[in-house]
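Presented below is the structure to which this report refers.
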2 protein chains.
Amino acid sequence: MAKIAALSGFPEWLPAERLVEQHVIDVFREVAELHGFSGIETRAVEPLDQLLRKGEIDKEVYVLRRLHAEEEGADTAREDRSRTLGLHFDLTVPLARYVLEHQSSLAFPLRRFQIQKVWRGERPQDGRFREFYQADLDVIGQDTLPGHIEAEVAVVMADILHRLPMPRFTIHANTRRLSEGFFRSIGLEDQSAVLRSLDKLPKIGAAAVRDLLLTESGASPEQAQACLDFASIRTGDASFAQQVRDLGGNGEMVEQGIAELTAVIERVEAAVPGVIMADLSIARGLDYYTGTVFETFVSGHESLGSICSGGRYDALAADNRHTYPGVGLSIGLSRLVSRLLSAGLATASRSVPTCVLVSVADEQHRHLSDAAARTLRGRGIPCEVAPSAAKFGKQIRYADRRGIPFLWFPGVDGAADQVKDIRSGEQSDADAAAWEPPAEDRSVRILAADQERSSAQG
Amino acid sequence: MAKIAALSGFPEWLPAERLVEQHVIDVFREVAELHGFSGIETRAVEPLDQLLRKGEIDKEVYVLRRLHAEEEGADTAREDRSRTLGLHFDLTVPLARYVLEHQSSLAFPLRRFQIQKVWRGERPQDGRFREFYQADLDVIGQDTLPGHIEAEVAVVMADILHRLPMPRFTIHANTRRLSEGFFRSIGLEDQSAVLRSLDKLPKIGAAAVRDLLLTESGASPEQAQACLDFASIRTGDASFAQQVRDLGGNGEMVEQGIAELTAVIERVEAAVPGVIMADLSIARGLDYYTGTVFETFVSGHESLGSICSGGRYDALAADNRHTYPGVGLSIGLSRLVSRLLSAGLATASRSVPTCVLVSVADEQHRHLSDAAARTLRGRGIPCEVAPSAAKFGKQIRYADRRGIPFLWFPGVDGAADQVKDIRSGEQSDADAAAWEPPAEDRSVRILAADQERSSAQG
């Protein structure tokens, strides 16, 4: 037997941990469907030229090759990037391809969610995974997409995050137009360079960003200070607008940006109070986003970085006939689940789905245990039958080790069945056709660390 | 924009089709959990030497390489199969590795289910996919595993299949001991060769198998005929036993096999009547299975081959301390879903989760629509708000195209809200805090072709 070893960067959960991950996935799906989003899945592979068409080579694509092709020495495909396949590194490139490929069969605006694993060949340092779940929400229009969708997608995501077993989160919003308009109105020409510099604030700090602004964006000390002041504006309501104007922001573009961001803040606040904030430091890359941009931080876990990011883009995809604008947000789900587990923020109430272990007195009476289990299952109560007719103490340990709360004793020779609550030791007569476990014991629950924000699983 | 084309062998579903696939996955998980099985996921990759350790090179492994490593010309890893990674081609090899890697943290017997995509670089002919879902159920013991688990796993799978929107299915069972005992008792020494020959019955037919038995297994014409007669035995109860004895089957091994298979047939029949059958032609490979073996066929869709196969194996994995026997069954889920869709056996009642489209009279009143939608969602009714304040005819078409059954009209200036059933045209006053859609409209339902075997989704 070859040596068995964990692979760095490829996380794997034990059954009780997987229950937490499954819960997060279930909540995401349930809320997305409540908002009328359709779940889709795309194949795991795309042609290499598609994966690299935005020059995103830094995403470290895993390239696939059939072992047989390799052994036949068939490396001719190596240079043909339209035929070589790679594993997708996000769910946006596949979505763009899916929309174009199936456009004649899809109804637009398309509201879609997608929860799938993605792969990046990055060095697995710094908590980065090579294989991880991403969970995406996007609304894609054909040629047009109304602005109010920007707030709507944030509302759905806020609804999802609100129901997850984690500490308080805040969605930080900004809009591209406001930043660019401000930089222009204070006389800075290369707005892209300014955005790139401000994007580095969390990593290198204000002093270093100031240097960048002075050296790379041609800013004067006063302009650099205004940019840093602009980027420090954070308000939970529309009051950011006056602060921008006080810093010298003016003109049509600034006022448009203010109107846009105000609308987003107010709509999200109306739907899910207390989670949205205008944060004018949010920049998020350059060429892709064209409207509102979002990042999301968890209180006390800011070191995670943004757990949910995205925004408005005017061209997810395009062909000769149509352009597809969209608004999307994406959760780095594995990274979030990993933190929920490692920080003890969420735990499963037991390690298996089983609510009742049906004991077996001896193998001759196993059919009684099977029948009792069948009756309980018919009423939706998860149960299993003891694997062997071991001594009762051993059967209790079997249940106890897994956190199964109830042990069932089928009555032999006409005697009544009995059920024992393993935690209290209480035991009483019971009828498999009528007995109900307490509601909180029926299914596994995922418990939040503070115990108060618990929610039912499944 | 590069040319967009479907990739042969990598199936992808439209939203309404994906609802059918998701339903099949949901049913599998729900029933498995009802039986106390834990869901796990394993990483998509394994070291190449692990993937090939059983010589299963015919599975056509996809090998992974980081694009950067490739461009650096770092092909040194090519020869090192312990460091090279490949995509898993089934869920059994990963399970074996998972069990060994995590054995000290797992409770045995481990009841686990696993629903994940697997990859095989086969030529995508003949309905074979290169990427597809497999759905596995296994019970894994540490060193020992009671025989009755063989029936139990079949019962769980029968419960799952029973709840899927498809025609009648039959689980065919045999046991390795009965076949080998029979071949031995009629004087055939190379039982493996006989099994290999009989395994080809569905593909090449009885006459060709007879030739094989004569030429490759050293059988006499009478022995070959006895084998073919043995392999033609199919009974829904324990009466196969007498037929085996009538053909000359005798001895301890035959009687053991009869007892084992009888127990399986009777236990499955007691739990899920009418789905299990003793079928002594079932052989399933050679070295892996050591007890009961199963294959499953769908009435009228025998051309699919077995949709669910597996059995007992005495050594899923082993190390210096422990051996891990198991019983497992596996559904080729994508292949099954593909048939359900292509044959029109299952369809979604609508193409989106949305039950209610809340209309928008004009953008100034969108907040009323948002509020009505929020109230409906708070009561678990999936809804979305119309993307634009288009004419009502256009909003009705929006709903109609997606199969959304209800259109909601928020009342303006204190008027009551109204709701319209788009199918009947009926419209009436309604209160978002109290209105209930008919139960069958609340969530998407997956409808079986015969309309009678429908079941709620989600």
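Starting from 1 in every chain, residues are counted up; chains themselves are A, B, ... following the order of the structure tokens, and ligands are numbered from 1 as listed.
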Closest contacts (chain A/chain B, max 7 Å, only C-alpha atoms) as a Markdown table:
```
| residue | atom | partner | partner_atom | distance |
| --- | --- | --- | --- | --- |
| A:Met1 | CA | B:Asp319 | CA | 6.8 |
| A:Ile4 | CA | B:Glu101 | CA | 6.1 |
| A:Ala5 | CA | B:Glu101 | CA | 6.7 |
| A:Phe10 | CA | B:Arg43 | CA | 6.2 |
| A:Glu12 | CA | B:Thr42 | CA | 6.0 |
| A:Pro15 | CA | B:Ile40 | CA | 5.8 |
| A:Arg18 | CA | B:Ile40 | CA | 6.2 |
| A:Glu33 | CA | B:Pro353 | CA | 5.5 |
| A:Leu34 | CA | B:Pro382 | CA | 3.9 |
| A:His35 | CA | B:Cys383 | CA | 5.4 |
| A:Gly36 | CA | B:Thr354 | CA | 4.4 |
| A:Phe37 | CA | B:Pro353 | CA | 6.7 |
| A:Ser38 | CA | B:Val352 | CA | 5.6 |
| A:Gly39 | CA | B:Pro15 | CA | 6.5 |
| A:Ile40 | CA | B:Pro15 | CA | 5.8 |
| A:Thr42 | CA | B:Glu12 | CA | 6.0 |
| A:Arg43 | CA | B:Phe10 | CA | 6.2 |
| A:Glu60 | CA | B:Leu67 | CA | 6.4 |
| A:Val61 | CA | B:Leu67 | CA | 5.5 |
| A:Tyr62 | CA | B:Arg66 | CA | 4.5 |
| A:Val63 | CA | B:Arg65 | CA | 5.2 |
| A:Leu64 | CA | B:Leu64 | CA | 4.9 |
| A:Arg65 | CA | B:Val63 | CA | 5.2 |
| A:Arg66 | CA | B:Tyr62 | CA | 4.5 |
| A:Leu67 | CA | B:Val61 | CA | 5.5 |
| A:His68 | CA | B:Glu60 | CA | 6.6 |
| A:Arg97 | CA | B:Ile4 | CA | 6.8 |
| A:Glu101 | CA | B:Ile4 | CA | 6.1 |
| A:Gly121 | CA | B:Arg66 | CA | 5.8 |
| A:Asp319 | CA | B:Met1 | CA | 6.7 |
| A:Val352 | CA | B:Ser38 | CA | 5.6 |
| A:Pro353 | CA | B:Gly36 | CA | 5.2 |
| A:Thr354 | CA | B:Gly36 | CA | 4.4 |
| A:Arg377 | CA | B:Leu34 | CA | 6.2 |
| A:Gly380 | CA | B:Leu34 | CA | 6.9 |
| A:Ile381 | CA | B:Leu34 | CA | 6.5 |
| A:Pro382 | CA | B:Leu34 | CA | 3.9 |
| A:Cys383 | CA | B:His35 | CA | 5.4 |
| A:Glu384 | CA | B:Gly36 | CA | 5.4 |
```
Residues of segment 83-267 of chain A in alpha helix (DSSP H), written as a PyMOL selection string: chain A and resi 92-102+149-162+176-185+191-198+201-216+221-231+240-246+252-267
Backbone-only DSSP, strand (DSSP E) members of segment 151-280 of chain B, as JSON, numbers by chain: {"B": [169, 170, 171, 172, 173, 174, 175, 234, 235, 276, 277, 278, 279]}
With all heavy atoms retained, could you export that selection as a short mmCIF file (atom, residue, chain, number, x, y, z; two decimals), in the first residue's frame?
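Output file out02.cif follows:
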```
data_model
loop_
_atom_site.label_atom_id
_atom_site.label_comp_id
_atom_site.auth_asym_id
_atom_site.auth_seq_id
_atom_site.Cartn_x
_atom_site.Cartn_y
_atom_site.Cartn_z
N PHE B 169 -37.97 -0.60 -11.95
CA PHE B 169 -36.59 -1.11 -12.00
C PHE B 169 -36.52 -2.43 -11.23
O PHE B 169 -37.38 -2.72 -10.40
CB PHE B 169 -35.64 -0.10 -11.36
CG PHE B 169 -35.89 0.10 -9.89
CD1 PHE B 169 -35.23 -0.67 -8.94
CD2 PHE B 169 -36.82 1.03 -9.45
CE1 PHE B 169 -35.48 -0.50 -7.58
CE2 PHE B 169 -37.09 1.20 -8.09
CZ PHE B 169 -36.42 0.44 -7.16
N THR B 170 -35.50 -3.21 -11.52
CA THR B 170 -35.28 -4.46 -10.80
C THR B 170 -33.81 -4.56 -10.42
O THR B 170 -32.93 -4.33 -11.25
CB THR B 170 -35.65 -5.68 -11.67
OG1 THR B 170 -36.94 -5.46 -12.24
CG2 THR B 170 -35.67 -6.94 -10.85
N ILE B 171 -33.57 -4.87 -9.15
CA ILE B 171 -32.20 -5.10 -8.69
C ILE B 171 -31.91 -6.59 -8.80
O ILE B 171 -32.59 -7.41 -8.18
CB ILE B 171 -32.03 -4.63 -7.23
CG1 ILE B 171 -32.34 -3.13 -7.11
CG2 ILE B 171 -30.62 -4.93 -6.74
CD1 ILE B 171 -32.24 -2.59 -5.68
N HIS B 172 -30.92 -6.92 -9.62
CA HIS B 172 -30.55 -8.32 -9.83
C HIS B 172 -29.39 -8.65 -8.90
O HIS B 172 -28.39 -7.94 -8.88
CB HIS B 172 -30.12 -8.54 -11.29
CG HIS B 172 -31.22 -8.29 -12.28
ND1 HIS B 172 -31.57 -9.20 -13.25
CD2 HIS B 172 -32.07 -7.24 -12.44
CE1 HIS B 172 -32.57 -8.72 -13.97
NE2 HIS B 172 -32.90 -7.52 -13.50
N ALA B 173 -29.53 -9.75 -8.15
CA ALA B 173 -28.50 -10.09 -7.17
C ALA B 173 -27.97 -11.50 -7.41
O ALA B 173 -28.70 -12.39 -7.85
CB ALA B 173 -29.07 -9.99 -5.76
N ASN B 174 -26.72 -11.66 -7.12
CA ASN B 174 -26.10 -12.98 -7.14
C ASN B 174 -25.04 -12.95 -6.04
O ASN B 174 -24.79 -11.89 -5.44
CB ASN B 174 -25.46 -13.25 -8.51
CG ASN B 174 -24.98 -14.68 -8.65
OD1 ASN B 174 -25.28 -15.55 -7.83
ND2 ASN B 174 -24.21 -14.93 -9.72
N THR B 175 -24.46 -14.11 -5.75
CA THR B 175 -23.34 -14.05 -4.81
C THR B 175 -22.18 -14.85 -5.38
O THR B 175 -22.36 -15.90 -5.99
CB THR B 175 -23.75 -14.53 -3.40
OG1 THR B 175 -22.59 -14.56 -2.58
CG2 THR B 175 -24.36 -15.91 -3.42
N ARG B 234 -33.44 -17.01 -12.92
CA ARG B 234 -33.91 -15.72 -12.41
C ARG B 234 -35.18 -15.97 -11.62
O ARG B 234 -36.18 -16.41 -12.19
CB ARG B 234 -34.25 -14.78 -13.57
CG ARG B 234 -33.07 -14.08 -14.21
CD ARG B 234 -33.53 -13.24 -15.42
NE ARG B 234 -32.38 -12.66 -16.09
CZ ARG B 234 -31.47 -13.34 -16.75
NH1 ARG B 234 -31.56 -14.66 -16.83
NH2 ARG B 234 -30.44 -12.72 -17.33
N THR B 235 -35.16 -15.67 -10.34
CA THR B 235 -36.37 -15.85 -9.54
C THR B 235 -36.56 -14.67 -8.60
O THR B 235 -35.59 -14.06 -8.15
CB THR B 235 -36.30 -17.14 -8.67
OG1 THR B 235 -35.31 -16.96 -7.64
CG2 THR B 235 -35.94 -18.36 -9.50
N ILE B 276 -36.44 -6.87 -5.96
CA ILE B 276 -35.20 -7.67 -5.95
C ILE B 276 -35.44 -8.99 -6.68
O ILE B 276 -36.55 -9.52 -6.67
CB ILE B 276 -34.72 -7.93 -4.50
CG1 ILE B 276 -33.34 -8.58 -4.49
CG2 ILE B 276 -35.71 -8.77 -3.73
CD1 ILE B 276 -32.19 -7.60 -4.53
N MET B 277 -34.41 -9.49 -7.31
CA MET B 277 -34.50 -10.73 -8.07
C MET B 277 -33.15 -11.45 -7.98
O MET B 277 -32.11 -10.82 -8.12
CB MET B 277 -34.82 -10.39 -9.52
CG MET B 277 -34.67 -11.54 -10.48
SD MET B 277 -34.84 -10.95 -12.20
CE MET B 277 -36.62 -10.83 -12.29
N ALA B 278 -33.19 -12.77 -7.74
CA ALA B 278 -31.97 -13.56 -7.86
C ALA B 278 -31.70 -13.76 -9.34
O ALA B 278 -32.59 -14.18 -10.08
CB ALA B 278 -32.13 -14.90 -7.15
N ASP B 279 -30.52 -13.39 -9.80
CA ASP B 279 -30.17 -13.51 -11.22
C ASP B 279 -28.75 -14.06 -11.26
O ASP B 279 -27.78 -13.33 -11.04
CB ASP B 279 -30.26 -12.14 -11.89
CG ASP B 279 -29.80 -12.17 -13.35
OD1 ASP B 279 -29.20 -13.19 -13.79
OD2 ASP B 279 -30.02 -11.16 -14.05
#
```
Pairwise distance for atom CA of His23 of chain B and atom CA of Leu164 of chain B, rounded to one decimal in Å: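 Interatomic distance, atom CA of His23 of chain B to atom CA of Leu164 of chain B: 8.4 Å.
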Shell of 7 Å around Tyr133 of chain B, only C-alpha atoms, local chain residues under 6 positions omitted, as a VMD selection string: chain B and resid 115 to 118 332 to 334
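Counting from atom CA of Ala439 of chain B, the distance to atom CA of Ile396 of chain B is 21.9 Å.
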